[in-house]
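Worksheet for the structure shown next.
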2 protein chains.
Amino acid sequence: MTETAPRPTLEAVAARAGVSRATVSRVVNGGEGVREILVERVRRAVEELGYVPNQAARSLVTKRHDAVAVVIAEPETRVFTDPFFALQLRGISKELTAHDNQLVLLLTEGRADHARVARYLAGGHVDGALVFSLHLDDPLPGLIQGAGVPTVFGGRPDWKDGTPVYVDSDNRGGAREAVRHLVALGRTRIAHITGALDQTSAVDRLDGYRDVMRDVDPRLIVESDFTPAGGERAMRELLERCPDVDAVFAANDLTAVGALGVLRESGRRVPEDVAVIGFDDMLLVAERSDPPLTTVRQDIEDMGRLMARLLLRGPDSLGRDRNDENPAGASAGVILPTTLVRRASA
Amino acid sequence: MTETAPRPTLEAVAARAGVSRATVSRVVNGGEGVREILVERVRRAVEELGYVPNQAARSLVTKRHDAVAVVIAEPETRVFTDPFFALQLRGISKELTAHDNQLVLLLTEGRADHARVARYLAGGHVDGALVFSLHLDDPLPGLIQGAGVPTVFGGRPDWKDGTPVYVDSDNRGGAREAVRHLVALGRTRIAHITGALDQTSAVDRLDGYRDVMRDVDPRLIVESDFTPAGGERAMRELLERCPDVDAVFAANDLTAVGALGVLRESGRRVPEDVAVIGFDDMLLVAERSDPPLTTVRQDIEDMGRLMARLLLRGPDSLGRDRNDENPAGASAGVILPTTLVRRASA
DNA sequence: ATGAAAGCGCTAACAG
DNA sequence: CTGTTAGCGCTTTCAT
């Protein structure tokens, strides 16, 4: 259709405003130290010509890109079945937009893409990266760390060395609150169906459960995988091992819903016979399960926003304040609070 | 931490390989017409130095960016409650990656962002755009069309003038298939709960329903909004207006689930008394509803992939083949087939 | 406060 | 087939 009309350049604006390119550049970039009268003149020229700076040319000299990469590893997982992902992106997008940064999305499907992503990041095309990697053994975070790009992780990374900057929900605290609620309800045989334990979120939730249930009967802990089917399997096993169970804290809502089904099928009433609590507050399932699920909510969008903010603020802004209370080696993580949402299941 | 180590340039590689910059450039861009021996030498130098082309410098001269924008308008809508969005992005990402293109994500939250997006696209930062706009009266598509960037729309746009390139599911055909199935089941009082009629998908599904139900009792059509709550409301109204309804085709799964609840509550059995069919095959709800939902599936990921492919292939590849059967004015849309997935509800 | 000039790293004619 | 030479559009000293 329309040939890409040649866009006006700085030169054109300068000519039109009767000043030099340098002056136009100054005005476009804030207008510091330029006479008001000229600023005005340049502004008008920009307006009239519909001038938009050429980002490539600018980047070439400034070495900045005003763009950050968001890398999401292995999206086959839960990422594509729940709104997590979308909410996170929304939070990130809002924050980036507010700072005039672009969002470059990098999705990876296994090893094959690792090299590509690493190369891209190392290639200096973006000013930073926000990375989500769900699995503990994922080599990608390591590669990225090696790419020398400022990075903020989503979810606590399984790191030994260095102090990665990350943002996470208070999985452990949220789990504690859930279990305490169950205790307050007078339940004594409180079980836990774990998530996939190769993810820190699952580990942390298990730890939170253990914090409250000090010397719990180990049979009350069943390992699962965050899926509804996994929840069903786990609940069956649980019922077999401990028919007297009177409460279950599931690692997420999907698992909880699976458990709910098995419980009903076994003739038990929820919450009368067995109270159930989930995690995530995934509205679509938590609100519409039978009975509606009591669960631990995390503010996903806020998490995304915070990650972006941390990244843009620069590597030195975190845990390195003037009055540094933070001895070397402390982890630079930000933990977001969770809240218990009471519905009918507990 | 680490200062951005100065990245090696073409110059450096050239020096190391003992050739000119031009030769290195040729090799890096395919190596056509360069002696094998030199190609080899350059390749090694690139390898050893860890050279990565500076995209900004390249774009500056080629005017290409190997990047496409994905703009998703008004994500407060359903976009953030179902996996649609994520699947679409995955399809797009795969295709773009295969062609070494980057994905720049532009999310908009209302009018305020329109100008920003328009400016960005008009700014010539990307080679094309894939745009999703759900609402008929959304001004964004118009702005984008005006930006002069090659664009492919996701979902049939509500266009009068021009022939926008778009990809859509066969909403109308899918609806027809669903309703025909209901007819084949021997149902005679087949109702339709529509989606939000300011979206073409809802309109098309309604049209599909009408295609089969020629002179249907108008009271069997209830307008709704694609939400579970809307489905409940609509189903209540329907039951009141037509207590003899024996089947309902809901505009999507969420709506269908809402209807399911009301039906159960009213003492009707599904599918014995009333058969129900949804649309989308949103696994999380369709598979786990009670009873599991018979529904029309669309291949969302494929839709994304196709959009990207169309865009990369260039504006002239579509409906403009040598043997042009397509008179001027024909719409350049690609419609993807849907499939009826039978579960228990119909 | 403003302009002149020198590149940023790369590709694309054009010679040779 | 390979090297030389111009810029692409912008920022940034450095003078003025």
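Naming works like this for the structure tokens: A, B, ... for the chains as they're shown, residue 1 at the start of each chain, ligands 1 onward in shown order.
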Test item: chain D residues at most 9 Å from chain A, counting only C-alpha atoms (C1' of nucleotides), as a PyMOL selection string:
chain D and resi 8-12
Return as a Markdown table the residues of chain C lying at most 8 Å from chain A, together with the closest atom-to-atom pair for each and the distance in Å to one decimal, counting only C-alpha atoms (C1' of nucleotides), with rows in chain order and ascending residue number.
| residue | atom | partner | partner_atom | distance |
| --- | --- | --- | --- | --- |
| C:DA1 | C1' | A:Val34 | CA | 6.2 |
| C:DT2 | C1' | A:Thr23 | CA | 7.0 |
| C:DG3 | C1' | A:Ser20 | CA | 6.2 |
| C:DC8 | C1' | A:Val61 | CA | 4.5 |
| C:DG9 | C1' | A:Leu60 | CA | 7.3 |
Test item: chain A residues at most 6 Å from chain B, counting only C-alpha atoms, as a PyMOL selection string
chain A and resi 52+56-57+60+80-81+83+86+103-105+123
List every residue of stretch 241-297 of chain A that DSSP, applied to the backbone, labels as strand (DSSP E or B), and write the result as a count of residues only.
14
To one decimal place, how far is atom CA of A:Val216 from atom CA of A:Pro243 in Å?
15.6 Å
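Neighbours of B:Gly174 closer than or equal to 8 Å, with only C-alpha atoms (C1' of nucleotides) counted and sequence neighbours fewer than 4 positions away skipped, come out as Asp170, Ala178, Arg205, Gly208, Val296, Pro337, Thr338, Thr339 and Leu340 of chain B.
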Would you please extract all helix (DSSP H, G or I) residues from stretch 4-180 of chain A, as assigned by DSSP on the backbone, and give them as number ranges by chain?
A: 10-17, 21-28, 36-49, 55-62, 78-80, 84-98, 111-122, 140-146, 171-180
What's the 12 Å shell around B:Glu272, counting only C-alpha atoms (C1' of nucleotides), without same-chain residues fewer than 3 positions away, as number ranges by chain?
B: 185-187, 245-247, 263-264, 267-269, 275-276, 291, 344-346
Next, dump the selected residues to file, keeping only N, CA, C and O atoms, as an mmCIF file, in the first residue's frame.
data_model
loop_
_atom_site.group_PDB
_atom_site.id
_atom_site.type_symbol
_atom_site.label_atom_id
_atom_site.label_comp_id
_atom_site.auth_asym_id
_atom_site.auth_seq_id
_atom_site.Cartn_x
_atom_site.Cartn_y
_atom_site.Cartn_z
ATOM 1 N N LEU B 185 -29.573 -34.182 17.964
ATOM 2 C CA LEU B 185 -29.907 -34.833 19.224
ATOM 3 C C LEU B 185 -31.425 -34.888 19.424
ATOM 4 O O LEU B 185 -31.911 -35.443 20.414
ATOM 5 N N GLY B 186 -32.134 -34.253 18.521
ATOM 6 C CA GLY B 186 -33.586 -34.274 18.617
ATOM 7 C C GLY B 186 -34.169 -33.105 19.399
ATOM 8 O O GLY B 186 -35.359 -33.053 19.679
ATOM 9 N N ARG B 187 -33.314 -32.142 19.706
ATOM 10 C CA ARG B 187 -33.822 -30.998 20.469
ATOM 11 C C ARG B 187 -34.588 -30.059 19.535
ATOM 12 O O ARG B 187 -34.213 -29.902 18.365
ATOM 13 N N VAL B 245 -37.546 -24.933 27.194
ATOM 14 C CA VAL B 245 -36.271 -25.003 26.495
ATOM 15 C C VAL B 245 -35.621 -26.367 26.742
ATOM 16 O O VAL B 245 -35.641 -26.879 27.859
ATOM 17 N N ASP B 246 -35.087 -26.960 25.669
ATOM 18 C CA ASP B 246 -34.473 -28.273 25.882
ATOM 19 C C ASP B 246 -33.014 -28.324 25.430
ATOM 20 O O ASP B 246 -32.394 -29.389 25.406
ATOM 21 N N ALA B 247 -32.486 -27.166 25.049
ATOM 22 C CA ALA B 247 -31.067 -27.109 24.705
ATOM 23 C C ALA B 247 -30.618 -25.655 24.703
ATOM 24 O O ALA B 247 -31.405 -24.757 24.400
ATOM 25 N N LEU B 263 -29.348 -24.136 35.749
ATOM 26 C CA LEU B 263 -30.133 -25.286 35.306
ATOM 27 C C LEU B 263 -30.240 -26.302 36.436
ATOM 28 O O LEU B 263 -31.322 -26.825 36.745
ATOM 29 N N ARG B 264 -29.123 -26.572 37.067
ATOM 30 C CA ARG B 264 -29.089 -27.541 38.156
ATOM 31 C C ARG B 264 -30.005 -27.062 39.289
ATOM 32 O O ARG B 264 -30.839 -27.798 39.794
ATOM 33 N N GLY B 267 -33.517 -27.646 39.041
ATOM 34 C CA GLY B 267 -33.954 -29.039 39.070
ATOM 35 C C GLY B 267 -33.870 -29.768 37.739
ATOM 36 O O GLY B 267 -34.265 -30.923 37.628
ATOM 37 N N ARG B 268 -33.329 -29.105 36.742
ATOM 38 C CA ARG B 268 -33.215 -29.769 35.443
ATOM 39 C C ARG B 268 -31.907 -30.543 35.353
ATOM 40 O O ARG B 268 -30.869 -30.109 35.858
ATOM 41 N N ARG B 269 -31.960 -31.636 34.665
ATOM 42 C CA ARG B 269 -30.746 -32.424 34.471
ATOM 43 C C ARG B 269 -30.119 -32.077 33.128
ATOM 44 O O ARG B 269 -30.811 -31.853 32.148
ATOM 45 N N ALA B 275 -29.794 -29.909 27.022
ATOM 46 C CA ALA B 275 -28.426 -30.109 26.548
ATOM 47 C C ALA B 275 -27.746 -28.752 26.473
ATOM 48 O O ALA B 275 -28.391 -27.750 26.170
ATOM 49 N N VAL B 276 -26.444 -28.718 26.766
ATOM 50 C CA VAL B 276 -25.730 -27.445 26.765
ATOM 51 C C VAL B 276 -24.427 -27.563 25.964
ATOM 52 O O VAL B 276 -23.695 -28.542 26.099
ATOM 53 N N PRO B 291 -22.052 -31.231 34.319
ATOM 54 C CA PRO B 291 -21.153 -32.222 33.703
ATOM 55 C C PRO B 291 -20.127 -31.532 32.808
ATOM 56 O O PRO B 291 -20.324 -30.365 32.461
ATOM 57 N N ALA B 344 -19.899 -34.445 28.136
ATOM 58 C CA ALA B 344 -21.153 -34.995 28.652
ATOM 59 C C ALA B 344 -22.379 -34.097 28.527
ATOM 60 O O ALA B 344 -23.506 -34.560 28.594
ATOM 61 N N SER B 345 -22.166 -32.814 28.305
ATOM 62 C CA SER B 345 -23.305 -31.905 28.418
ATOM 63 C C SER B 345 -24.227 -31.851 27.194
ATOM 64 O O SER B 345 -25.264 -31.190 27.228
ATOM 65 N N ALA B 346 -23.842 -32.497 26.137
ATOM 66 C CA ALA B 346 -24.714 -32.512 24.944
ATOM 67 C C ALA B 346 -24.249 -33.576 23.953
ATOM 68 O O ALA B 346 -23.068 -33.718 23.706
#
Excluding A:Phe249 and its own-chain neighbours fewer than 2 positions away, which residues fall within 10 Å of it when counting only C-alpha atoms (C1' of nucleotides)? Please give them as a PyMOL selection string.
chain A and resi 175+178-179+182+190-194+205-206+209+221+247+251-253+255-256+259+275-279+294-295+346
Give me the residues within 12 Å of C:DG16 as a ChimeraX atom specification, counting only C-alpha atoms (C1' of nucleotides) and dropping any in the same chain fewer than 2 places off.
/C:14 /D:1-4
Can you write out the residues you just picked, keeping N, CA, C and O atoms (P, O5', C5', C4', C3', O3' and C1' of nucleotides), as an mmCIF file, in the first residue's frame?
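The result, written out as part17.cif:
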data_model
loop_
_atom_site.group_PDB
_atom_site.id
_atom_site.type_symbol
_atom_site.label_atom_id
_atom_site.label_comp_id
_atom_site.auth_asym_id
_atom_site.auth_seq_id
_atom_site.Cartn_x
_atom_site.Cartn_y
_atom_site.Cartn_z
ATOM 1 P P DC C 14 25.988 2.758 -7.617
ATOM 2 O "O5'" DC C 14 27.580 2.689 -7.526
ATOM 3 C "C5'" DC C 14 28.263 3.603 -6.672
ATOM 4 C "C4'" DC C 14 29.727 3.240 -6.630
ATOM 5 C "C3'" DC C 14 30.304 2.839 -7.988
ATOM 6 O "O3'" DC C 14 31.399 3.687 -8.285
ATOM 7 C "C1'" DC C 14 30.955 1.303 -6.305
ATOM 8 P P DC D 1 32.481 -15.533 -6.709
ATOM 9 O "O5'" DC D 1 33.602 -14.663 -6.076
ATOM 10 C "C5'" DC D 1 34.441 -15.165 -5.075
ATOM 11 C "C4'" DC D 1 35.459 -14.095 -4.802
ATOM 12 C "C3'" DC D 1 35.267 -13.459 -3.414
ATOM 13 O "O3'" DC D 1 36.553 -13.447 -2.788
ATOM 14 C "C1'" DC D 1 35.387 -11.771 -5.067
ATOM 15 P P DT D 2 36.746 -13.340 -1.299
ATOM 16 O "O5'" DT D 2 37.040 -11.801 -1.117
ATOM 17 C "C5'" DT D 2 38.357 -11.327 -1.375
ATOM 18 C "C4'" DT D 2 38.348 -9.823 -1.416
ATOM 19 C "C3'" DT D 2 38.054 -9.141 -0.084
ATOM 20 O "O3'" DT D 2 39.261 -8.508 0.320
ATOM 21 C "C1'" DT D 2 37.001 -8.056 -1.923
ATOM 22 P P DG D 3 39.393 -7.928 1.788
ATOM 23 O "O5'" DG D 3 39.473 -6.379 1.438
ATOM 24 C "C5'" DG D 3 40.463 -5.947 0.525
ATOM 25 C "C4'" DG D 3 40.146 -4.548 0.049
ATOM 26 C "C3'" DG D 3 39.976 -3.534 1.180
ATOM 27 O "O3'" DG D 3 40.677 -2.353 0.824
ATOM 28 C "C1'" DG D 3 38.099 -3.467 -0.247
ATOM 29 P P DT D 4 40.912 -1.205 1.899
ATOM 30 O "O5'" DT D 4 40.358 0.083 1.157
ATOM 31 C "C5'" DT D 4 39.906 -0.020 -0.194
ATOM 32 C "C4'" DT D 4 39.184 1.251 -0.611
ATOM 33 C "C3'" DT D 4 39.109 2.345 0.448
ATOM 34 O "O3'" DT D 4 39.189 3.598 -0.204
ATOM 35 C "C1'" DT D 4 36.908 1.647 -0.117
#
